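Undergrad: Structure: input-v1.cif, mmCIF, N, CA and C atoms.
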data_run
#
loop_
_atom_site.label_atom_id
_atom_site.label_comp_id
_atom_site.auth_asym_id
_atom_site.auth_seq_id
_atom_site.Cartn_x
_atom_site.Cartn_y
_atom_site.Cartn_z
N MET A 466 20.88 115.41 23.94
CA MET A 466 21.85 115.46 25.02
C MET A 466 23.22 115.32 24.41
N SER A 467 24.15 116.21 24.78
CA SER A 467 25.52 116.12 24.27
C SER A 467 26.31 115.13 25.10
N ASP A 468 27.49 114.75 24.57
CA ASP A 468 28.33 113.79 25.27
C ASP A 468 28.84 114.33 26.60
N SER A 469 28.88 115.67 26.74
CA SER A 469 29.42 116.26 27.96
C SER A 469 28.40 116.33 29.09
N GLU A 470 27.10 116.17 28.78
CA GLU A 470 26.08 116.22 29.83
C GLU A 470 26.03 114.91 30.58
N ARG A 471 26.00 115.03 31.89
CA ARG A 471 25.92 113.82 32.71
C ARG A 471 24.48 113.35 32.77
N PRO A 472 24.25 112.06 32.50
CA PRO A 472 22.87 111.55 32.52
C PRO A 472 22.19 111.73 33.88
N ASP A 473 22.97 111.62 34.96
CA ASP A 473 22.35 111.76 36.28
C ASP A 473 21.88 113.19 36.51
N LEU A 474 22.62 114.17 35.99
CA LEU A 474 22.19 115.56 36.13
C LEU A 474 20.96 115.87 35.28
N VAL A 475 20.93 115.28 34.10
CA VAL A 475 19.78 115.47 33.23
C VAL A 475 18.53 114.87 33.89
N ALA A 476 18.68 113.66 34.45
CA ALA A 476 17.56 113.01 35.14
C ALA A 476 17.13 113.83 36.35
N PHE A 477 18.10 114.37 37.07
CA PHE A 477 17.77 115.20 38.24
C PHE A 477 17.00 116.44 37.83
N GLN A 478 17.42 117.08 36.73
CA GLN A 478 16.73 118.27 36.26
C GLN A 478 15.30 117.94 35.83
N GLU A 479 15.12 116.79 35.18
CA GLU A 479 13.78 116.37 34.78
C GLU A 479 12.92 116.12 36.02
N LEU A 480 13.49 115.47 37.02
CA LEU A 480 12.77 115.20 38.26
C LEU A 480 12.40 116.50 38.96
N GLU A 481 13.34 117.43 38.99
CA GLU A 481 13.08 118.73 39.60
C GLU A 481 11.93 119.45 38.89
N HIS A 482 11.92 119.38 37.57
CA HIS A 482 10.85 120.00 36.79
C HIS A 482 9.51 119.34 37.11
N LEU A 483 9.47 118.01 37.17
CA LEU A 483 8.24 117.30 37.47
C LEU A 483 7.73 117.64 38.87
N ILE A 484 8.63 117.73 39.83
CA ILE A 484 8.23 118.07 41.19
C ILE A 484 7.66 119.48 41.25
N GLN A 485 8.27 120.40 40.54
CA GLN A 485 7.77 121.78 40.52
C GLN A 485 6.38 121.83 39.88
N ALA A 486 6.20 121.08 38.79
CA ALA A 486 4.89 121.04 38.14
C ALA A 486 3.84 120.46 39.08
N LEU A 487 4.21 119.42 39.81
CA LEU A 487 3.29 118.81 40.77
C LEU A 487 2.95 119.79 41.89
N ALA A 488 3.94 120.50 42.38
CA ALA A 488 3.71 121.48 43.44
C ALA A 488 2.77 122.59 42.96
N ASP A 489 2.96 123.04 41.73
CA ASP A 489 2.08 124.06 41.16
C ASP A 489 0.65 123.55 41.04
N GLU A 490 0.50 122.31 40.59
CA GLU A 490 -0.83 121.74 40.44
C GLU A 490 -1.50 121.57 41.80
N MET A 491 -0.76 121.12 42.79
CA MET A 491 -1.31 120.96 44.13
C MET A 491 -1.73 122.31 44.70
N ALA A 492 -0.97 123.35 44.43
CA ALA A 492 -1.33 124.68 44.90
C ALA A 492 -2.66 125.12 44.27
N GLY A 493 -2.84 124.78 43.01
CA GLY A 493 -4.10 125.10 42.34
C GLY A 493 -5.27 124.35 42.95
N TRP A 494 -5.06 123.07 43.25
CA TRP A 494 -6.11 122.27 43.89
C TRP A 494 -6.47 122.86 45.25
N ARG A 495 -5.44 123.24 46.00
CA ARG A 495 -5.69 123.80 47.34
C ARG A 495 -6.48 125.10 47.24
N ARG A 496 -6.08 125.95 46.29
CA ARG A 496 -6.78 127.22 46.10
C ARG A 496 -8.24 126.98 45.74
N ARG A 497 -8.50 126.06 44.82
CA ARG A 497 -9.88 125.76 44.44
C ARG A 497 -10.68 125.17 45.60
N ALA A 498 -10.05 124.33 46.39
CA ALA A 498 -10.74 123.75 47.55
C ALA A 498 -11.09 124.83 48.55
N GLN A 499 -10.17 125.76 48.78
CA GLN A 499 -10.45 126.85 49.71
C GLN A 499 -11.57 127.74 49.20
N GLU A 500 -11.58 128.01 47.90
CA GLU A 500 -12.64 128.82 47.32
C GLU A 500 -13.99 128.11 47.45
N ALA A 501 -14.00 126.80 47.21
CA ALA A 501 -15.25 126.03 47.33
C ALA A 501 -15.74 126.02 48.77
N GLU A 502 -14.83 125.86 49.72
CA GLU A 502 -15.22 125.88 51.13
C GLU A 502 -15.80 127.24 51.52
N ALA A 503 -15.19 128.30 51.02
CA ALA A 503 -15.69 129.64 51.32
C ALA A 503 -17.09 129.84 50.73
N LYS A 504 -17.31 129.37 49.50
CA LYS A 504 -18.63 129.48 48.88
C LYS A 504 -19.66 128.68 49.66
N LEU A 505 -19.29 127.48 50.08
CA LEU A 505 -20.21 126.65 50.85
C LEU A 505 -20.59 127.32 52.16
N LYS A 506 -19.62 127.91 52.85
CA LYS A 506 -19.90 128.61 54.10
C LYS A 506 -20.84 129.78 53.86
N THR A 507 -20.65 130.49 52.75
CA THR A 507 -21.52 131.61 52.42
C THR A 507 -22.95 131.13 52.19
N VAL A 508 -23.09 130.04 51.44
CA VAL A 508 -24.42 129.49 51.17
C VAL A 508 -25.06 128.99 52.45
N GLN A 509 -24.30 128.29 53.28
CA GLN A 509 -24.84 127.78 54.53
C GLN A 509 -25.25 128.92 55.46
N ALA A 510 -24.45 129.97 55.50
CA ALA A 510 -24.79 131.11 56.35
C ALA A 510 -26.07 131.79 55.86
N ALA A 511 -26.25 131.87 54.55
CA ALA A 511 -27.43 132.52 53.99
C ALA A 511 -28.69 131.67 54.16
N THR A 512 -28.53 130.36 54.30
CA THR A 512 -29.70 129.48 54.39
C THR A 512 -29.84 128.83 55.76
N GLY A 513 -29.11 129.33 56.71
CA GLY A 513 -29.21 128.78 58.06
C GLY A 513 -28.50 127.45 58.22
N GLY A 514 -27.53 127.17 57.36
CA GLY A 514 -26.72 125.95 57.50
C GLY A 514 -27.34 124.72 56.91
N LYS A 515 -28.48 124.85 56.24
CA LYS A 515 -29.16 123.68 55.72
C LYS A 515 -28.81 123.39 54.27
N ALA A 516 -28.36 124.34 53.53
CA ALA A 516 -28.08 124.13 52.10
C ALA A 516 -26.70 123.54 51.90
N GLY A 517 -26.56 122.85 50.83
CA GLY A 517 -25.26 122.32 50.45
C GLY A 517 -25.07 120.87 50.82
N GLY A 518 -25.51 120.46 51.99
CA GLY A 518 -25.27 119.11 52.45
C GLY A 518 -25.88 118.05 51.55
N ALA A 519 -27.16 118.17 51.26
CA ALA A 519 -27.83 117.17 50.43
C ALA A 519 -27.28 117.20 49.01
N GLY A 520 -27.03 118.39 48.49
CA GLY A 520 -26.47 118.50 47.15
C GLY A 520 -25.09 117.88 47.05
N LEU A 521 -24.27 118.10 48.08
CA LEU A 521 -22.93 117.52 48.08
C LEU A 521 -22.99 116.01 48.21
N GLU A 522 -23.91 115.51 49.01
CA GLU A 522 -24.06 114.06 49.14
C GLU A 522 -24.46 113.44 47.81
N LYS A 523 -25.39 114.08 47.11
CA LYS A 523 -25.81 113.57 45.80
C LYS A 523 -24.65 113.61 44.82
N GLU A 524 -23.92 114.70 44.81
CA GLU A 524 -22.77 114.82 43.90
C GLU A 524 -21.72 113.76 44.23
N ASN A 525 -21.45 113.55 45.51
CA ASN A 525 -20.48 112.53 45.91
C ASN A 525 -20.93 111.14 45.47
N ARG A 526 -22.22 110.85 45.63
CA ARG A 526 -22.75 109.54 45.22
C ARG A 526 -22.58 109.37 43.71
N GLU A 527 -22.92 110.41 42.96
CA GLU A 527 -22.79 110.34 41.50
C GLU A 527 -21.32 110.16 41.09
N LEU A 528 -20.44 110.87 41.77
CA LEU A 528 -19.02 110.74 41.47
C LEU A 528 -18.51 109.34 41.79
N ARG A 529 -18.98 108.78 42.92
CA ARG A 529 -18.58 107.41 43.27
C ARG A 529 -19.06 106.42 42.21
N GLU A 530 -20.28 106.61 41.74
CA GLU A 530 -20.82 105.74 40.70
C GLU A 530 -20.01 105.85 39.41
N ARG A 531 -19.66 107.07 39.04
CA ARG A 531 -18.85 107.27 37.83
C ARG A 531 -17.47 106.65 37.99
N LEU A 532 -16.90 106.80 39.19
CA LEU A 532 -15.59 106.22 39.45
C LEU A 532 -15.64 104.70 39.36
N GLU A 533 -16.67 104.10 39.91
CA GLU A 533 -16.82 102.64 39.85
C GLU A 533 -16.98 102.19 38.41
N ALA A 534 -17.77 102.92 37.63
CA ALA A 534 -17.94 102.58 36.22
C ALA A 534 -16.60 102.69 35.48
N ALA A 535 -15.81 103.69 35.82
CA ALA A 535 -14.50 103.85 35.19
C ALA A 535 -13.58 102.70 35.59
N ARG A 536 -13.67 102.27 36.85
CA ARG A 536 -12.86 101.12 37.29
C ARG A 536 -13.22 99.87 36.51
N VAL A 537 -14.51 99.63 36.36
CA VAL A 537 -14.97 98.45 35.63
C VAL A 537 -14.48 98.51 34.19
N ARG A 538 -14.65 99.66 33.57
CA ARG A 538 -14.22 99.81 32.17
C ARG A 538 -12.71 99.65 32.04
N THR A 539 -11.95 100.20 32.97
CA THR A 539 -10.50 100.06 32.94
C THR A 539 -10.10 98.60 33.09
N LYS A 540 -10.76 97.88 33.98
CA LYS A 540 -10.47 96.46 34.17
C LYS A 540 -10.76 95.70 32.88
N GLN A 541 -11.88 96.02 32.23
CA GLN A 541 -12.22 95.36 30.97
C GLN A 541 -11.17 95.63 29.90
N LEU A 542 -10.72 96.87 29.83
CA LEU A 542 -9.69 97.22 28.85
C LEU A 542 -8.38 96.51 29.13
N LEU A 543 -8.00 96.40 30.41
CA LEU A 543 -6.78 95.68 30.77
C LEU A 543 -6.88 94.20 30.41
N GLU A 544 -8.03 93.61 30.66
CA GLU A 544 -8.23 92.21 30.30
C GLU A 544 -8.14 92.02 28.79
N LYS A 545 -8.72 92.94 28.05
CA LYS A 545 -8.65 92.86 26.59
C LYS A 545 -7.21 93.01 26.11
N LEU A 546 -6.48 93.93 26.72
CA LEU A 546 -5.08 94.14 26.36
C LEU A 546 -4.26 92.89 26.64
N ARG A 547 -4.49 92.26 27.81
CA ARG A 547 -3.77 91.02 28.13
C ARG A 547 -4.08 89.94 27.09
N PHE A 548 -5.34 89.82 26.72
CA PHE A 548 -5.72 88.84 25.72
C PHE A 548 -5.01 89.10 24.39
N LEU A 549 -5.01 90.35 23.97
CA LEU A 549 -4.36 90.70 22.71
C LEU A 549 -2.87 90.43 22.75
N ARG A 550 -2.24 90.72 23.90
CA ARG A 550 -0.80 90.42 24.04
C ARG A 550 -0.56 88.92 23.95
N GLN A 551 -1.41 88.14 24.60
CA GLN A 551 -1.26 86.69 24.52
C GLN A 551 -1.41 86.21 23.09
N GLN A 552 -2.37 86.76 22.38
CA GLN A 552 -2.56 86.39 20.99
C GLN A 552 -1.35 86.75 20.15
N GLN A 553 -0.80 87.92 20.42
CA GLN A 553 0.38 88.36 19.68
C GLN A 553 1.56 87.45 19.97
N GLU A 554 1.76 87.08 21.22
CA GLU A 554 2.85 86.17 21.58
C GLU A 554 2.66 84.80 20.95
N THR A 555 1.42 84.33 20.91
CA THR A 555 1.14 83.04 20.30
C THR A 555 1.47 83.09 18.81
N GLU A 556 1.07 84.17 18.15
CA GLU A 556 1.37 84.33 16.73
C GLU A 556 2.87 84.43 16.48
N ALA A 557 3.59 85.09 17.38
CA ALA A 557 5.03 85.27 17.22
C ALA A 557 5.78 83.95 17.35
N HIS A 558 5.25 83.01 18.13
CA HIS A 558 5.92 81.73 18.36
C HIS A 558 5.63 80.72 17.26
N ARG A 559 4.71 81.04 16.37
CA ARG A 559 4.37 80.11 15.29
C ARG A 559 5.35 80.18 14.17
#
Rewrite the structure of this file - the entire thing - as structure tokens.

TA:
Amino acid sequence: MSDSERPDLVAFQELEHLIQALADEMAGWRRRAQEAEAKLKTVQAATGGKAGGAGLEKENRELRERLEAARVRTKQLLEKLRFLRQQQETEAHR
């Protein structure tokens, strides 16, 4: 950054870039969700509306289990990090 650039304008441009990237990503998520919904409707129409439900429930359950495991692991890592920081602070005060 040169001396002539205003920090507030630079920050605004960075924010604008981040917002545009987020908007692009959200558009991709929306497109994929719409495609998945269309595929599900096609499968349900071909099978009389019975297919997809049980499979989606199983997938959702598995995803919830994986998410919970990730939460537990993240909590463990945070606790370990706190411990290490405390140890570091204790060593620094000696």

Undergrad: What does the structure give for the distance between atom CA of A:Lys523 and atom C of A:Lys504, in Å to one decimal?

TA: 16.8 Å

Undergrad: So the first atom is atom CA of A:Val508 and the second is atom CA of A:Glu522; what is the distance between them in Å, to one decimal place?

TA: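 About the pair atom CA of A:Val508 and atom CA of A:Glu522: they are 15.6 Å apart.
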
Undergrad: Calculate, to one decimal in Å, the centre and edge lengths of the box along x, y and z of the file that holds all listed atoms of stretch 536-554 of chain A with 5 Å of margin on each side, and present them as JSON.

TA:
{"center_x": -6.1, "center_y": 93.5, "center_z": 28.5, "size_x": 27.8, "size_y": 27.5, "size_z": 27.6}

Undergrad: Calculate how many Å separate atom CA of A:Glu556 from atom CA of A:Lys540, rounding to one decimal.

TA: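 Computing it gives 24.3 Å between the two atoms.
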
Undergrad: For the contact check between stretch 497-526 of chain A and stretch 487-493 of chain A, emit one row per residue of stretch 497-526 of chain A within 8 Å, containing the shortest atom pair and the distance in Å rounded to one decimal, counting all atoms listed in the file, chain then rising number order, as a Markdown table.

TA:
| residue | atom | partner | partner_atom | distance |
| --- | --- | --- | --- | --- |
| A:Arg497 | N | A:Gly493 | C | 4.1 |
| A:Ala498 | N | A:Gly493 | C | 5.9 |
| A:Gln499 | N | A:Gly493 | C | 7.7 |
